[in-house]
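**Student:** Can you keep this structure in mind? I'll have questions shortly.
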Amino acid sequence: EWERLDTTYFDTPGRALSRRGLSLRLREQAFSTVQSVKTGKNPILRKEYEQVLTAKDGFPVKTGKKAIDRLITQKGKKLRPSARTIVDRWSALAHFGGSEIEIAVDLGRAQCWDEAATRSEGLIAEIELELKTGDGKDIFDLARLIAVNAPVWPSAETKLASAYALTLEAAAVSLPKTLQTDSDAEAALRRYLQEMALRIGLLRPHIADMRAPRAVHQMRIALRRLRSLERAFRPYRAGEGLRRLAGQARAFGKHLAPARDWDVFIDETTPAVFEGGYEPEGATSLRAQSERLRAEAWVRAGELMVDPIFALFLIGLLELGSSDGAPLLKAEIADQLISAIAPDVLNPTWRKLRKSAKTTDRYNASALHDVRLSVKRLRYQSQAFGAINAGKKQKIFMAALSQLQKGLGRINDAAIASTLADQAGLHDGEPGMRAAGFVSGYKAAEAKASIRQIWKDWKHLRKLKPIWRE
């Protein structure tokens with residue numbers, strides 16, 4: 001049967017409850033008003049406290065849990081509606097594998113308000129799976145079955161999080177960077193993978209539906225972080241699941257790269273090259289062809305986001321992050337704290353960077369590729385383990401590493417810009433290639449200047465003591 005659910009969420013203007021992993025809501029359903037408080041930052045495994053309110057009850061009523069009631073009481077005067085969802089729901093119980101799973105179809109809309117009371121609104125169309133009894137593996141297998149037979153995609157976000165993520169800002173800035181240092185390695189890795197899956201799921205519609213440049217950039221960063229983390233733990237893995245997902249992440253990143261590259265070329269590179277007022281013959285045609293090629297690249301990026309293969313990748317990542325099944329790490333390392341294993345994990349990456357920097361042809365831009373990859377990998381891995389030493393020395397080390405990565409990035413951007421300019425210029429004969437040559441020459445000069453600077457930046461970084469050796 002269908003029923004209407006009208007739910008209003010309450011929080012402070014700064015979303016103090018949400019930051020603590022708590023949601024407070026009122027739901028109107030079947031002629032009754034229900035207060036619900038959910039706790040826990042893990043949206044797959046959350047505790048819920050429900051109470052049916054009477055006409056005599058105020059709001060909010062106490063849950064009976066002292067810590068929750070104390071927090072809500074402290075914020076009471078500042079609480080106001082922060083989001084609302086209105087959906088029509090159809091639900092049924094399914095027996096799948098050895099488990100009983102509730103399937104609920106919700107169709108409707110979500111609204112959220114920012115601190116300035118500006119409202120954003122979007123659609124809700126979801127199939128929600130909830131394990132009632134049985135094995136957690138069955139719910140992921142059912143999700144896979146649905147994903148390969150219907151035009152849907154997976155997400156583990158709550159409706160409240162989805163409402164908050166109606167703006168790209170909410171989805172894009174929440175990518176996890178740091179492993180929980182107060183947890184053992186197994187638990188920290190699972191939590192990190194789960195958070196990564198949640199953010200990738202939020203970014204997906206901003207690419208598929210909204211064609212947001214920032215979203216494809218953030219998606220590629222998320223995929224790189226996953227690959228860097230897999231490489232860091234590779235000697236200690238207990239199974240092949242994470243490695244398979246990292247391989248897929250690499251392929252997806254390559255698939256999304258043209259959309260990102262054309263965005264940078266059109267929105268940043270060519271405006272900078274032609275800002276002086278001089279535009280060679282063929283510049284107008286170069287821009288037009290660039291826009292056409294960008295559109296084609298974005299179509300391919302959007303197609304990937306709705307392909308079942310990406311849905312299965314995301315389900316697999318969610319399962320690794322939340323399952324209590326097969327271990328991810330070998331027994332000798334799984335129970336150790338992140339801070340204890342950091343040197344063993346990060347030293348190989350540091351040594352590889354030093355070796356690449358020592359043996360590369362320092363003034364050959366194309367030869368710097370391995371150095372750039374090593375710097376990027378070390379930065380992502382250092383960020384993941386960064387909280388082991390959150391003092392001044394960490395900030396200095398990470399700033400130096402970031403500066404070196406930016407310089408190497410400019411050299412790589414110059415090479416990409418030259419390739420893209422040639423692709424766009426080919427369509428207009430000699431004038432187009434002349435414009436392409438102008439762009440390539442400009443970026444080559446930038447790269448030459450960057451090469452001189454990066455070795456100064458490397459010398460500075462090499463003298464610093466790595467943060468994980470403190």
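Chain labels run A, B, ... following the order of the structure tokens; each chain numbers its residues from 1, and ligands are numbered from 1 in the order shown.
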Determine, counting only C-alpha atoms, which protein, DNA and RNA residues have an atom within 8 Å of an atom of A:Leu24; residues of the same chain fewer than 2 positions away are not included. Present the result as a list in words.
**Tutor:**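 After dropping sequence-adjacent residues, the list is Tyr9, Phe10, Asp11, Leu17, Leu22, Leu26, Gln35, Ser36, Val37 and Lys38 of chain A.
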**Student:** For the residues selected in the previous step, produce a file with C-alpha atoms as a PDB file, in the first residue's frame.
**Tutor:**
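Ended up saving to part.pdb:
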ATOM      1  CA  TYR A   9      14.208  17.776  10.391  1.00  0.00           C
ATOM      2  CA  PHE A  10      15.389  20.182  13.073  1.00  0.00           C
ATOM      3  CA  ASP A  11      18.881  21.450  13.744  1.00  0.00           C
ATOM      4  CA  LEU A  17      23.266  17.954  15.730  1.00  0.00           C
ATOM      5  CA  LEU A  22      22.392  12.887  15.327  1.00  0.00           C
ATOM      6  CA  LEU A  26       8.993  15.001  13.199  1.00  0.00           C
ATOM      7  CA  GLN A  35       9.287  12.081  16.840  1.00  0.00           C
ATOM      8  CA  SER A  36      12.387  10.170  15.807  1.00  0.00           C
ATOM      9  CA  VAL A  37      15.982  10.593  16.894  1.00  0.00           C
ATOM     10  CA  LYS A  38      18.678   8.683  15.016  1.00  0.00           C
TER      11      LYS A  38
END
**Student:** Going by DSSP on the backbone, which bits of stretch 197-335 of chain A are helix (DSSP H, G or I)? Write them as a ChimeraX atom specification, please.
**Tutor:** /A:197-208,213-236,241-273,283-305,308-322,331-334
**Student:** I'd like the contact shell of stretch 441-449 of chain A - 8 Å cut-off, only C-alpha atoms, skipping same-chain residues fewer than 6 positions apart - returned as a ChimeraX atom specification.
**Tutor:** /A:273,365,410-411,414-415,417-418
**Student:** Grab the residues selected above and save them as a PDB file, in the first residue's frame with C-alpha atoms.
**Tutor:**
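After the write, out.pdb holds the following:
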ATOM      1  CA  VAL A 273      46.887  32.538 -22.860  1.00  0.00           C
ATOM      2  CA  ALA A 365      59.415  17.647 -18.478  1.00  0.00           C
ATOM      3  CA  ARG A 410      51.696  22.760 -13.770  1.00  0.00           C
ATOM      4  CA  ILE A 411      54.210  20.838 -15.878  1.00  0.00           C
ATOM      5  CA  ALA A 414      51.245  22.131 -19.935  1.00  0.00           C
ATOM      6  CA  ALA A 415      51.663  18.756 -21.620  1.00  0.00           C
ATOM      7  CA  ALA A 417      47.161  21.618 -22.850  1.00  0.00           C
ATOM      8  CA  SER A 418      49.469  21.071 -25.803  1.00  0.00           C
TER       9      SER A 418
END
**Student:** Might you pull out every residue within 9 Å of stretch 216-229 of chain A, with only C-alpha atoms counted and same-chain residues fewer than 2 positions away left off, and present them as a ChimeraX atom specification?
**Tutor:** /A:172-173,175-177,189,193,196,199-200,203-204,206-207,211-214,231-234,243,245-247,249-250,252-254,256-257,259-260,301,376-378,380-381,384
**Student:** What is the distance between atom CA of A:Ala331 and atom CA of A:Leu312, in Å to one decimal?
**Tutor:**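 Answer for the atom CA of A:Ala331 to atom CA of A:Leu312 separation: 28.0 Å.
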**Student:** Find the distance between atom CA of A:Leu408 and atom CA of A:Ala283 and write it in Å to one decimal.
**Tutor:**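 Result for atom CA of A:Leu408 versus atom CA of A:Ala283: 27.5 Å, one decimal.
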**Student:** With a distance cut-off of 8 Å and only C-alpha atoms, select the neighbouring residues of A:Arg109, excluding the residue or stretch itself and same-chain residues fewer than 6 positions from it, and output the selection as a short mmCIF file (atom, residue, chain, number, x, y, z; two decimals) with N, CA, C and O atoms, in the first residue's frame.
**Tutor:**
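Once everything was written out, this is result_39.cif:
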data_model
loop_
_atom_site.label_atom_id
_atom_site.label_comp_id
_atom_site.auth_asym_id
_atom_site.auth_seq_id
_atom_site.Cartn_x
_atom_site.Cartn_y
_atom_site.Cartn_z
N THR A 85 11.30 16.51 3.93
CA THR A 85 11.06 15.58 2.83
C THR A 85 9.58 15.20 2.81
O THR A 85 8.98 14.97 3.86
N ILE A 86 9.01 15.18 1.61
CA ILE A 86 7.61 14.78 1.43
C ILE A 86 7.61 13.69 0.37
O ILE A 86 7.95 13.93 -0.79
N VAL A 87 7.25 12.47 0.79
CA VAL A 87 7.31 11.35 -0.15
C VAL A 87 6.05 10.51 -0.04
O VAL A 87 5.39 10.45 1.00
N GLU A 121 15.76 22.91 -3.38
CA GLU A 121 14.76 21.86 -3.51
C GLU A 121 15.16 20.89 -4.61
O GLU A 121 15.74 21.29 -5.63
N GLY A 122 14.89 19.61 -4.39
CA GLY A 122 15.21 18.60 -5.39
C GLY A 122 14.29 17.40 -5.26
O GLY A 122 13.48 17.32 -4.33
N LEU A 123 14.45 16.46 -6.17
CA LEU A 123 13.57 15.30 -6.23
C LEU A 123 14.10 14.16 -5.36
O LEU A 123 15.30 14.02 -5.16
N ILE A 124 13.19 13.34 -4.87
CA ILE A 124 13.53 12.08 -4.22
C ILE A 124 12.85 10.96 -5.00
O ILE A 124 11.65 11.00 -5.23
#
**Student:** Pick out the residues sitting within 9 Å of stretch 152-166 of chain A, and hand them over as a PyMOL selection string; count only C-alpha atoms, and ignore anything fewer than 3 positions along from it in its own chain.
**Tutor:** chain A and resi 9+18+23+43-44+82-85+109-114+120-122+124+126-127+143+146-149+169-172+197-202+204+305-308+310-312+314-315+318
**Student:** From the options A:Leu79, A:Leu373, A:Ile451, A:Val299, which residue's atoms come nearest to A:Thr12, counting only C-alpha atoms?
**Tutor:** A:Leu79
**Student:** Give the answer as one residue: which of A:Pro13, A:Ala94, A:Phe265, A:Arg20 has the shortest atom-to-atom distance to A:Lys78, using only C-alpha atoms?
**Tutor:**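 Among the listed residues, the smallest separation from A:Lys78 belongs to A:Pro13.
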**Student:** What does the structure give for the distance between atom CA of A:Tyr236 and atom CA of A:Lys330, in Å to one decimal?
**Tutor:**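 Straight-line distance from atom CA of A:Tyr236 to atom CA of A:Lys330 works out to 5.6 Å.
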**Student:** Determine which residues of stretch 31-277 of chain A DSSP labels as strand (DSSP E) from the backbone of this structure, then write them out as a ChimeraX atom specification.
**Tutor:** /A:32-39,47-53,80-96,99-113,119-133
**Student:** Which residue is closest to A:Ala357? Choose from A:Arg191, A:Arg462, A:His255, A:Lys393 and count only C-alpha atoms.
**Tutor:**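 The closest residue to A:Ala357 is A:Arg462.
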**Student:** Taking only C-alpha atoms into account, which of A:Ala238, A:Pro280, A:Arg372, A:Ser322 comes nearest A:Gly425?
**Tutor:** A:Pro280
**Student:** So that I can see what lies close to A:His95, please list as a list in words the residues with an atom at most 10 Å from it, counting only C-alpha atoms and leaving out residues fewer than 4 positions away in the same chain.
**Tutor:**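 Contacts, with the query itself left out: Ser99, Glu100, Ile101, Glu102, Thr133, Gly134 and Asp138 of chain A.
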